[in-house]
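S.K.: Quick one, input-v6.pdb (PDB, C-alpha atoms, pLDDT in the B column):
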ATOM      1  CA  MET A   1      16.375 -30.430   6.572  1.00 58.00           C
ATOM      2  CA  LYS A   2      12.909 -28.904   6.371  1.00 70.00           C
ATOM      3  CA  GLY A   3      11.849 -27.886   2.866  1.00 74.00           C
ATOM      4  CA  PRO A   4      10.351 -24.541   1.851  1.00 81.00           C
ATOM      5  CA  GLU A   5       6.760 -23.665   2.689  1.00 83.00           C
ATOM      6  CA  PHE A   6       4.480 -23.695  -0.367  1.00 82.00           C
ATOM      7  CA  ARG A   7       2.095 -20.797  -1.076  1.00 87.00           C
ATOM      8  CA  HIS A   8      -0.403 -20.678  -3.932  1.00 89.00           C
ATOM      9  CA  ILE A   9      -0.867 -16.953  -4.643  1.00 93.00           C
ATOM     10  CA  GLN A  10      -4.429 -16.298  -5.750  1.00 95.00           C
ATOM     11  CA  ALA A  11      -4.580 -12.562  -4.993  1.00 97.00           C
ATOM     12  CA  CYS A  12      -2.293  -9.539  -4.964  1.00 98.00           C
ATOM     13  CA  ILE A  13      -3.161  -6.637  -2.696  1.00 98.00           C
ATOM     14  CA  PHE A  14      -1.704  -3.202  -3.423  1.00 98.00           C
ATOM     15  CA  ASP A  15      -1.241  -0.202  -1.190  1.00 97.00           C
ATOM     16  CA  LEU A  16      -2.204   2.949  -3.104  1.00 95.00           C
ATOM     17  CA  ASP A  17       0.006   5.929  -2.300  1.00 90.00           C
ATOM     18  CA  GLY A  18       3.546   5.372  -3.506  1.00 90.00           C
ATOM     19  CA  VAL A  19       2.726   1.984  -5.044  1.00 96.00           C
ATOM     20  CA  ILE A  20       0.060   2.538  -7.718  1.00 97.00           C
ATOM     21  CA  VAL A  21       0.208   6.335  -7.885  1.00 96.00           C
ATOM     22  CA  ASP A  22       2.490   8.985  -6.453  1.00 88.00           C
ATOM     23  CA  THR A  23       0.188  10.980  -4.227  1.00 85.00           C
ATOM     24  CA  ALA A  24       2.835  11.143  -1.504  1.00 78.00           C
ATOM     25  CA  ARG A  25       3.828  14.587  -2.785  1.00 86.00           C
ATOM     26  CA  PHE A  26       0.228  15.781  -2.399  1.00 90.00           C
ATOM     27  CA  HIS A  27       0.086  14.531   1.178  1.00 88.00           C
ATOM     28  CA  TYR A  28       3.382  16.249   1.948  1.00 93.00           C
ATOM     29  CA  GLN A  29       2.265  19.543   0.378  1.00 94.00           C
ATOM     30  CA  ALA A  30      -1.011  19.480   2.344  1.00 96.00           C
ATOM     31  CA  TRP A  31       0.659  18.555   5.659  1.00 96.00           C
ATOM     32  CA  LYS A  32       3.396  21.144   5.033  1.00 97.00           C
ATOM     33  CA  LYS A  33       0.778  23.834   4.444  1.00 96.00           C
ATOM     34  CA  LEU A  34      -0.966  22.843   7.679  1.00 97.00           C
ATOM     35  CA  ALA A  35       2.333  22.773   9.607  1.00 97.00           C
ATOM     36  CA  ASP A  36       3.328  26.198   8.297  1.00 97.00           C
ATOM     37  CA  GLY A  37       0.020  27.593   9.516  1.00 96.00           C
ATOM     38  CA  LEU A  38       0.703  26.173  12.972  1.00 97.00           C
ATOM     39  CA  GLY A  39       4.271  27.471  13.025  1.00 97.00           C
ATOM     40  CA  ILE A  40       5.726  23.928  12.964  1.00 97.00           C
ATOM     41  CA  SER A  41       8.874  23.093  11.003  1.00 96.00           C
ATOM     42  CA  PHE A  42       7.988  20.033   8.881  1.00 96.00           C
ATOM     43  CA  SER A  43      10.427  18.340   6.476  1.00 95.00           C
ATOM     44  CA  GLU A  44      10.128  15.602   3.850  1.00 91.00           C
ATOM     45  CA  GLU A  45      11.999  13.353   6.280  1.00 91.00           C
ATOM     46  CA  ASP A  46       9.306  14.047   8.896  1.00 94.00           C
ATOM     47  CA  ASN A  47       6.706  13.181   6.264  1.00 91.00           C
ATOM     48  CA  GLU A  48       8.163   9.653   5.953  1.00 86.00           C
ATOM     49  CA  ARG A  49       6.804   8.954   9.439  1.00 89.00           C
ATOM     50  CA  LEU A  50       3.257   9.560   8.185  1.00 89.00           C
ATOM     51  CA  LYS A  51       3.302   6.900   5.465  1.00 81.00           C
ATOM     52  CA  GLY A  52       0.680   4.179   5.774  1.00 72.00           C
ATOM     53  CA  ILE A  53      -1.058   5.485   8.894  1.00 81.00           C
ATOM     54  CA  SER A  54      -4.377   7.254   9.464  1.00 84.00           C
ATOM     55  CA  ARG A  55      -5.004  10.974   9.079  1.00 90.00           C
ATOM     56  CA  MET A  56      -5.519  11.478  12.822  1.00 93.00           C
ATOM     57  CA  GLU A  57      -2.393   9.521  13.729  1.00 93.00           C
ATOM     58  CA  SER A  58      -0.463  11.612  11.205  1.00 95.00           C
ATOM     59  CA  LEU A  59      -1.651  14.808  12.861  1.00 97.00           C
ATOM     60  CA  GLU A  60      -0.635  13.457  16.263  1.00 97.00           C
ATOM     61  CA  ILE A  61       2.917  12.984  14.941  1.00 97.00           C
ATOM     62  CA  LEU A  62       2.897  16.473  13.413  1.00 97.00           C
ATOM     63  CA  LEU A  63       1.831  17.996  16.730  1.00 97.00           C
ATOM     64  CA  GLU A  64       4.454  15.929  18.538  1.00 97.00           C
ATOM     65  CA  ILE A  65       7.116  17.363  16.202  1.00 96.00           C
ATOM     66  CA  GLY A  66       5.914  20.862  17.062  1.00 96.00           C
ATOM     67  CA  GLY A  67       5.549  20.165  20.767  1.00 97.00           C
ATOM     68  CA  MET A  68       1.885  21.140  20.624  1.00 96.00           C
ATOM     69  CA  SER A  69      -1.229  19.774  22.309  1.00 95.00           C
ATOM     70  CA  ILE A  70      -4.780  20.623  21.187  1.00 96.00           C
ATOM     71  CA  SER A  71      -8.274  19.237  21.734  1.00 96.00           C
ATOM     72  CA  ARG A  72      -9.714  16.360  19.707  1.00 95.00           C
ATOM     73  CA  ALA A  73     -12.282  18.761  18.253  1.00 97.00           C
ATOM     74  CA  GLU A  74      -9.527  21.070  17.021  1.00 97.00           C
ATOM     75  CA  MET A  75      -7.647  18.072  15.629  1.00 97.00           C
ATOM     76  CA  ALA A  76     -10.731  16.995  13.694  1.00 97.00           C
ATOM     77  CA  GLU A  77     -11.011  20.478  12.158  1.00 97.00           C
ATOM     78  CA  LEU A  78      -7.350  20.432  11.134  1.00 97.00           C
ATOM     79  CA  THR A  79      -7.511  16.981   9.553  1.00 96.00           C
ATOM     80  CA  ASP A  80     -10.613  18.050   7.619  1.00 96.00           C
ATOM     81  CA  GLN A  81      -8.760  21.109   6.327  1.00 97.00           C
ATOM     82  CA  LYS A  82      -5.722  19.036   5.346  1.00 95.00           C
ATOM     83  CA  ASN A  83      -7.976  16.612   3.494  1.00 93.00           C
ATOM     84  CA  LYS A  84      -9.669  19.428   1.544  1.00 96.00           C
ATOM     85  CA  TRP A  85      -6.286  20.641   0.313  1.00 96.00           C
ATOM     86  CA  TYR A  86      -5.273  17.077  -0.576  1.00 92.00           C
ATOM     87  CA  VAL A  87      -8.523  16.397  -2.479  1.00 93.00           C
ATOM     88  CA  ASP A  88      -7.985  19.567  -4.516  1.00 94.00           C
ATOM     89  CA  PHE A  89      -4.670  18.097  -5.687  1.00 92.00           C
ATOM     90  CA  VAL A  90      -6.241  14.680  -6.362  1.00 93.00           C
ATOM     91  CA  ARG A  91      -9.016  16.079  -8.542  1.00 94.00           C
ATOM     92  CA  ALA A  92      -6.359  17.246 -10.994  1.00 92.00           C
ATOM     93  CA  MET A  93      -4.942  13.711 -11.423  1.00 94.00           C
ATOM     94  CA  THR A  94      -5.173  11.767 -14.705  1.00 94.00           C
ATOM     95  CA  GLU A  95      -4.172   8.366 -16.104  1.00 95.00           C
ATOM     96  CA  ASP A  96      -0.667   9.803 -16.555  1.00 93.00           C
ATOM     97  CA  ASP A  97      -0.261   9.751 -12.761  1.00 94.00           C
ATOM     98  CA  VAL A  98      -0.268   5.931 -12.604  1.00 96.00           C
ATOM     99  CA  LEU A  99       3.293   4.870 -11.806  1.00 97.00           C
ATOM    100  CA  PRO A 100       5.325   3.204 -14.611  1.00 97.00           C
ATOM    101  CA  GLY A 101       4.625  -0.471 -15.203  1.00 98.00           C
ATOM    102  CA  VAL A 102       1.643  -0.731 -12.849  1.00 98.00           C
ATOM    103  CA  SER A 103      -1.059  -1.129 -15.510  1.00 97.00           C
ATOM    104  CA  ASP A 104       0.919  -3.740 -17.466  1.00 97.00           C
ATOM    105  CA  PHE A 105       1.664  -5.757 -14.331  1.00 98.00           C
ATOM    106  CA  LEU A 106      -1.988  -5.692 -13.271  1.00 98.00           C
ATOM    107  CA  GLN A 107      -3.002  -7.005 -16.697  1.00 97.00           C
ATOM    108  CA  GLU A 108      -0.483  -9.833 -16.470  1.00 96.00           C
ATOM    109  CA  LEU A 109      -1.697 -10.852 -13.010  1.00 96.00           C
ATOM    110  CA  GLN A 110      -5.291 -10.968 -14.192  1.00 94.00           C
ATOM    111  CA  SER A 111      -4.322 -12.983 -17.282  1.00 93.00           C
ATOM    112  CA  HIS A 112      -2.972 -15.610 -14.865  1.00 91.00           C
ATOM    113  CA  GLY A 113      -6.251 -15.635 -12.925  1.00 92.00           C
ATOM    114  CA  VAL A 114      -4.850 -13.663  -9.998  1.00 96.00           C
ATOM    115  CA  ARG A 115      -7.364 -11.350  -8.314  1.00 97.00           C
ATOM    116  CA  VAL A 116      -6.238  -7.818  -7.453  1.00 98.00           C
ATOM    117  CA  SER A 117      -7.331  -5.330  -4.807  1.00 98.00           C
ATOM    118  CA  VAL A 118      -6.295  -2.112  -3.091  1.00 98.00           C
ATOM    119  CA  ALA A 119      -5.834  -1.792   0.670  1.00 98.00           C
ATOM    120  CA  SER A 120      -5.161   1.819   1.619  1.00 94.00           C
ATOM    121  CA  ALA A 121      -5.480   3.842   4.794  1.00 87.00           C
ATOM    122  CA  SER A 122      -6.650   6.727   2.613  1.00 86.00           C
ATOM    123  CA  LYS A 123     -10.338   7.542   2.769  1.00 87.00           C
ATOM    124  CA  ASN A 124      -9.917   9.007  -0.713  1.00 90.00           C
ATOM    125  CA  ALA A 125      -8.711   5.764  -2.317  1.00 94.00           C
ATOM    126  CA  GLN A 126     -11.748   5.311  -4.549  1.00 95.00           C
ATOM    127  CA  LEU A 127     -11.600   8.947  -5.693  1.00 94.00           C
ATOM    128  CA  VAL A 128      -7.929   8.538  -6.644  1.00 95.00           C
ATOM    129  CA  LEU A 129      -8.602   5.306  -8.553  1.00 97.00           C
ATOM    130  CA  GLN A 130     -11.525   6.966 -10.345  1.00 96.00           C
ATOM    131  CA  GLN A 131      -9.381   9.927 -11.372  1.00 96.00           C
ATOM    132  CA  VAL A 132      -6.598   7.755 -12.837  1.00 97.00           C
ATOM    133  CA  GLY A 133      -8.954   5.336 -14.593  1.00 97.00           C
ATOM    134  CA  LEU A 134      -8.261   2.232 -12.504  1.00 97.00           C
ATOM    135  CA  ILE A 135     -11.429   1.971 -10.412  1.00 97.00           C
ATOM    136  CA  ASP A 136     -12.853  -0.823 -12.612  1.00 97.00           C
ATOM    137  CA  VAL A 137      -9.562  -2.722 -12.859  1.00 97.00           C
ATOM    138  CA  PHE A 138      -9.546  -3.869  -9.236  1.00 98.00           C
ATOM    139  CA  ASP A 139     -11.771  -6.631  -7.930  1.00 98.00           C
ATOM    140  CA  ALA A 140     -12.099  -4.881  -4.564  1.00 98.00           C
ATOM    141  CA  VAL A 141     -11.034  -1.746  -2.693  1.00 98.00           C
ATOM    142  CA  SER A 142     -10.534  -1.559   1.082  1.00 97.00           C
ATOM    143  CA  ASP A 143      -9.963   1.924   2.474  1.00 95.00           C
ATOM    144  CA  GLY A 144      -9.847   3.871   5.719  1.00 89.00           C
ATOM    145  CA  ARG A 145     -13.634   4.208   5.838  1.00 91.00           C
ATOM    146  CA  MET A 146     -14.097   0.443   6.081  1.00 95.00           C
ATOM    147  CA  VAL A 147     -11.867  -0.397   9.049  1.00 94.00           C
ATOM    148  CA  LYS A 148     -11.388   0.893  12.586  1.00 91.00           C
ATOM    149  CA  ARG A 149      -7.692   0.189  13.097  1.00 92.00           C
ATOM    150  CA  ALA A 150      -4.895   1.605  10.960  1.00 86.00           C
ATOM    151  CA  LYS A 151      -1.710  -0.142   9.850  1.00 90.00           C
ATOM    152  CA  PRO A 152       0.373  -1.749  11.359  1.00 93.00           C
ATOM    153  CA  ASP A 153      -2.803  -3.467  12.578  1.00 96.00           C
ATOM    154  CA  PRO A 154      -3.610  -6.171   9.983  1.00 97.00           C
ATOM    155  CA  GLU A 155      -7.343  -5.342   9.850  1.00 98.00           C
ATOM    156  CA  ILE A 156      -7.335  -3.654   6.429  1.00 97.00           C
ATOM    157  CA  PHE A 157      -5.523  -6.561   4.759  1.00 98.00           C
ATOM    158  CA  LEU A 158      -7.811  -9.106   6.366  1.00 98.00           C
ATOM    159  CA  HIS A 159     -10.763  -7.007   5.185  1.00 98.00           C
ATOM    160  CA  SER A 160      -9.340  -7.054   1.663  1.00 98.00           C
ATOM    161  CA  SER A 161      -8.790 -10.821   1.582  1.00 98.00           C
ATOM    162  CA  SER A 162     -12.328 -11.288   2.916  1.00 98.00           C
ATOM    163  CA  GLN A 163     -13.738  -9.069   0.151  1.00 97.00           C
ATOM    164  CA  LEU A 164     -11.902 -11.166  -2.416  1.00 97.00           C
ATOM    165  CA  GLY A 165     -12.884 -14.446  -0.806  1.00 97.00           C
ATOM    166  CA  ILE A 166      -9.216 -15.513  -0.752  1.00 97.00           C
ATOM    167  CA  PRO A 167      -7.451 -16.856   2.384  1.00 96.00           C
ATOM    168  CA  ALA A 168      -4.801 -14.505   3.781  1.00 97.00           C
ATOM    169  CA  SER A 169      -2.106 -17.141   3.295  1.00 95.00           C
ATOM    170  CA  ASN A 170      -2.803 -17.067  -0.451  1.00 95.00           C
ATOM    171  CA  CYS A 171      -2.343 -13.288  -0.745  1.00 97.00           C
ATOM    172  CA  LEU A 172       0.755 -11.297  -1.691  1.00 97.00           C
ATOM    173  CA  VAL A 173       0.967  -7.626  -0.693  1.00 98.00           C
ATOM    174  CA  PHE A 174       2.829  -4.735  -2.371  1.00 98.00           C
ATOM    175  CA  GLU A 175       3.639  -1.957   0.128  1.00 97.00           C
ATOM    176  CA  ASP A 176       5.930   1.074   0.301  1.00 93.00           C
ATOM    177  CA  ALA A 177       5.705   1.685   4.068  1.00 90.00           C
ATOM    178  CA  ALA A 178       7.148  -0.195   7.026  1.00 91.00           C
ATOM    179  CA  ALA A 179       3.794  -0.026   8.839  1.00 91.00           C
ATOM    180  CA  GLY A 180       2.105  -1.676   5.863  1.00 94.00           C
ATOM    181  CA  ILE A 181       4.723  -4.429   5.627  1.00 96.00           C
ATOM    182  CA  GLU A 182       4.228  -5.206   9.321  1.00 96.00           C
ATOM    183  CA  ALA A 183       0.445  -5.201   8.945  1.00 97.00           C
ATOM    184  CA  ALA A 184       0.512  -7.600   5.981  1.00 98.00           C
ATOM    185  CA  GLN A 185       2.911  -9.972   7.717  1.00 97.00           C
ATOM    186  CA  ARG A 186       0.740  -9.966  10.835  1.00 98.00           C
ATOM    187  CA  ALA A 187      -2.147 -10.936   8.547  1.00 98.00           C
ATOM    188  CA  GLY A 188      -0.109 -13.942   7.406  1.00 97.00           C
ATOM    189  CA  MET A 189       0.543 -12.656   3.890  1.00 96.00           C
ATOM    190  CA  VAL A 190       3.695 -12.628   1.757  1.00 95.00           C
ATOM    191  CA  THR A 191       5.092  -9.096   1.342  1.00 95.00           C
ATOM    192  CA  VAL A 192       6.929  -7.217  -1.398  1.00 96.00           C
ATOM    193  CA  GLY A 193       8.347  -3.822  -0.505  1.00 95.00           C
ATOM    194  CA  VAL A 194       8.211  -1.171  -3.237  1.00 96.00           C
ATOM    195  CA  GLY A 195      11.056   1.281  -2.774  1.00 93.00           C
ATOM    196  CA  SER A 196      14.351   1.345  -0.906  1.00 89.00           C
ATOM    197  CA  GLU A 197      15.862  -1.522   1.061  1.00 87.00           C
ATOM    198  CA  ARG A 198      16.799   0.842   3.881  1.00 85.00           C
ATOM    199  CA  SER A 199      13.213   1.696   4.775  1.00 84.00           C
ATOM    200  CA  LEU A 200      11.678  -1.679   3.836  1.00 93.00           C
ATOM    201  CA  LYS A 201      14.259  -4.069   5.257  1.00 92.00           C
ATOM    202  CA  ASP A 202      11.603  -6.273   6.900  1.00 92.00           C
ATOM    203  CA  ALA A 203       9.764  -7.001   3.632  1.00 93.00           C
ATOM    204  CA  ASP A 204       9.980 -10.553   2.300  1.00 91.00           C
ATOM    205  CA  ALA A 205      11.323  -9.159  -1.001  1.00 91.00           C
ATOM    206  CA  ILE A 206      11.938  -5.681  -2.412  1.00 93.00           C
ATOM    207  CA  ILE A 207      11.458  -4.165  -5.872  1.00 95.00           C
ATOM    208  CA  PRO A 208      12.342  -0.591  -6.920  1.00 95.00           C
ATOM    209  CA  GLY A 209       9.056  -0.254  -8.823  1.00 96.00           C
ATOM    210  CA  PHE A 210       6.883  -1.947 -11.456  1.00 97.00           C
ATOM    211  CA  ALA A 211       8.554  -0.652 -14.629  1.00 97.00           C
ATOM    212  CA  GLY A 212       9.316  -3.731 -16.742  1.00 96.00           C
ATOM    213  CA  LEU A 213       8.307  -6.100 -13.950  1.00 96.00           C
ATOM    214  CA  THR A 214       6.799  -9.449 -14.937  1.00 94.00           C
ATOM    215  CA  ILE A 215       5.567 -12.399 -12.910  1.00 93.00           C
ATOM    216  CA  HIS A 216       8.608 -14.348 -14.058  1.00 89.00           C
ATOM    217  CA  GLN A 217      10.974 -11.618 -12.820  1.00 88.00           C
ATOM    218  CA  LEU A 218       9.164 -11.370  -9.501  1.00 90.00           C
ATOM    219  CA  CYS A 219       9.372 -15.118  -9.061  1.00 84.00           C
ATOM    220  CA  SER A 220      13.109 -15.072  -9.757  1.00 81.00           C
ATOM    221  CA  LYS A 221      13.634 -13.107  -6.552  1.00 81.00           C
ATOM    222  CA  VAL A 222      14.541 -14.883  -3.322  1.00 71.00           C
ATOM    223  CA  PHE A 223      11.882 -14.473  -0.614  1.00 79.00           C
ATOM    224  CA  ARG A 224      12.573 -15.096   3.064  1.00 75.00           C
ATOM    225  CA  ASN A 225      15.921 -16.646   2.262  1.00 70.00           C
ATOM    226  CA  GLY A 226      14.278 -19.277   0.065  1.00 77.00           C
ATOM    227  CA  THR A 227      11.996 -20.590   2.794  1.00 80.00           C
ATOM    228  CA  ILE A 228       8.804 -20.085   0.757  1.00 81.00           C
ATOM    229  CA  GLU A 229       7.886 -21.514  -2.638  1.00 76.00           C
ATOM    230  CA  ILE A 230       4.992 -19.946  -4.522  1.00 77.00           C
ATOM    231  CA  GLU A 231       3.012 -20.091  -7.741  1.00 82.00           C
ATOM    232  CA  PHE A 232       0.736 -17.529  -9.344  1.00 85.00           C
ATOM    233  CA  GLY A 233      -2.527 -18.260 -11.068  1.00 66.00           C
ATOM    234  CA  LYS A 234      -5.412 -20.667 -11.111  1.00 57.00           C
ATOM    235  CA  GLU A 235      -5.058 -24.098  -9.586  1.00 55.00           C
ATOM    236  CA  ASP A 236      -5.476 -25.757 -12.995  1.00 51.00           C
ATOM    237  CA  ASP A 237      -3.201 -23.628 -15.187  1.00 50.00           C
ATOM    238  CA  ASN A 238       0.529 -23.673 -15.809  1.00 48.00           C
ATOM    239  CA  ALA A 239       1.315 -21.083 -13.163  1.00 47.00           C
ATOM    240  CA  GLU A 240       4.648 -19.481 -12.544  1.00 49.00           C
ATOM    241  CA  LYS A 241       6.517 -21.141  -9.674  1.00 46.00           C
ATOM    242  CA  ALA A 242       9.329 -19.716  -7.588  1.00 44.00           C
ATOM    243  CA  LYS A 243      11.111 -19.556  -4.282  1.00 44.00           C
ATOM    244  CA  ILE A 244      10.369 -16.318  -2.433  1.00 43.00           C
ATOM    245  CA  LEU A 245      12.632 -14.161  -0.033  1.00 40.00           C
TER     246      LEU A 245
END
Show me the file's structure as structure tokens.
M.R.:
Amino acid sequence: MKGPEFRHIQACIFDLDGVIVDTARFHYQAWKKLADGLGISFSEEDNERLKGISRMESLEILLEIGGMSISRAEMAELTDQKNKWYVDFVRAMTEDDVLPGVSDFLQELQSHGVRVSVASASKNAQLVLQQVGLIDVFDAVSDGRMVKRAKPDPEIFLHSSSQLGIPASNCLVFEDAAAGIEAAQRAGMVTVGVGSERSLKDADAIIPGFAGLTIHQLCSKVFRNGTIEIEFGKEDDNAEKAKIL
């Protein structure tokens, strides 16, 4: 019987919205305001379809919901307006908006020699990280301004691993959206869904959040039915080892 595949995890890549901070509510409020102005009924359930994809693709879905068709120029104006409303919300963010357990987990990863980065479709990723005091914590940030193709295309994760100088196969990704999980897996990375099993069923493993999470606890999870074995940290330290889902 074939044994598990071994992965040495040298980097963890984090999505931003819904993983490090909860800006999802800001996106929803801005899209809802735009939808109301267009006379389109837009619910929080509809908003789930916009997670992890680009601003323009999100607007296309919104217009599809409303049965509307407008020019690309008009779409550009609307996405700019939505972004202005969103940025207004973001500028009021503080360190208190970092989700529970995130800062502690980042510190533990770095103490084990694991590099950390952000890979977000948001073009405001660096502004958000600046506002919540995490901009200098991450070794790299890949955002929507740096890539041409949005998730589920793997480009942004490959860009992130390239920035870090770490092979994709040695990266583990934390994502809260199905499109992001697909993108990371297409990049050849191990994935951890952050949120509910129902919406993240294709992730290699799932956690409800980072509160109280440690490397040891993460490693105690089963990844891909035990077909992968991993360790965190530098090649020459006593890294944590585990089988992953």
S.K.: In Å to one decimal, how far is atom CA of Ala30 of chain A from atom CA of Gln81 of chain A?
M.R.: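 The value is 8.9 Å.
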S.K.: Could you state the separation of atom CA of Leu16 of chain A and atom CA of Arg115 of chain A in Å, given to one decimal place?
M.R.: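 That distance, rounded to one decimal, is 16.1 Å.
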S.K.: Using Å and a single decimal, report how far atom CA of Ile230 of chain A sits from atom CA of Gly52 of chain A.
M.R.: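 Atom-to-atom, atom CA of Gly52 of chain A and atom CA of Ile230 of chain A are spaced 26.6 Å apart.
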S.K.: Would you please work out which residue, of A:Lys151, A:Arg91, A:Arg49, A:His27, is nearest to Thr79 of chain A when using all atoms listed in the file?
M.R.: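 Answer, going by the shortest atom-to-atom distance: A:His27.
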S.K.: Excluding same-chain residues fewer than 5 positions from Gly39 of chain A, what lies within 10 Å of it counting only C-alpha atoms, as a PyMOL selection string?
M.R.: chain A and resi 33-34+66
S.K.: Find, counting only C-alpha atoms, the residue in A:Lys123, A:Arg149, A:Arg25, A:Arg224 that gets nearest to Asp202 of chain A.
M.R.: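 Between A:Lys123, A:Arg149, A:Arg25, A:Arg224, the residue approaching Asp202 of chain A most closely is A:Arg224.
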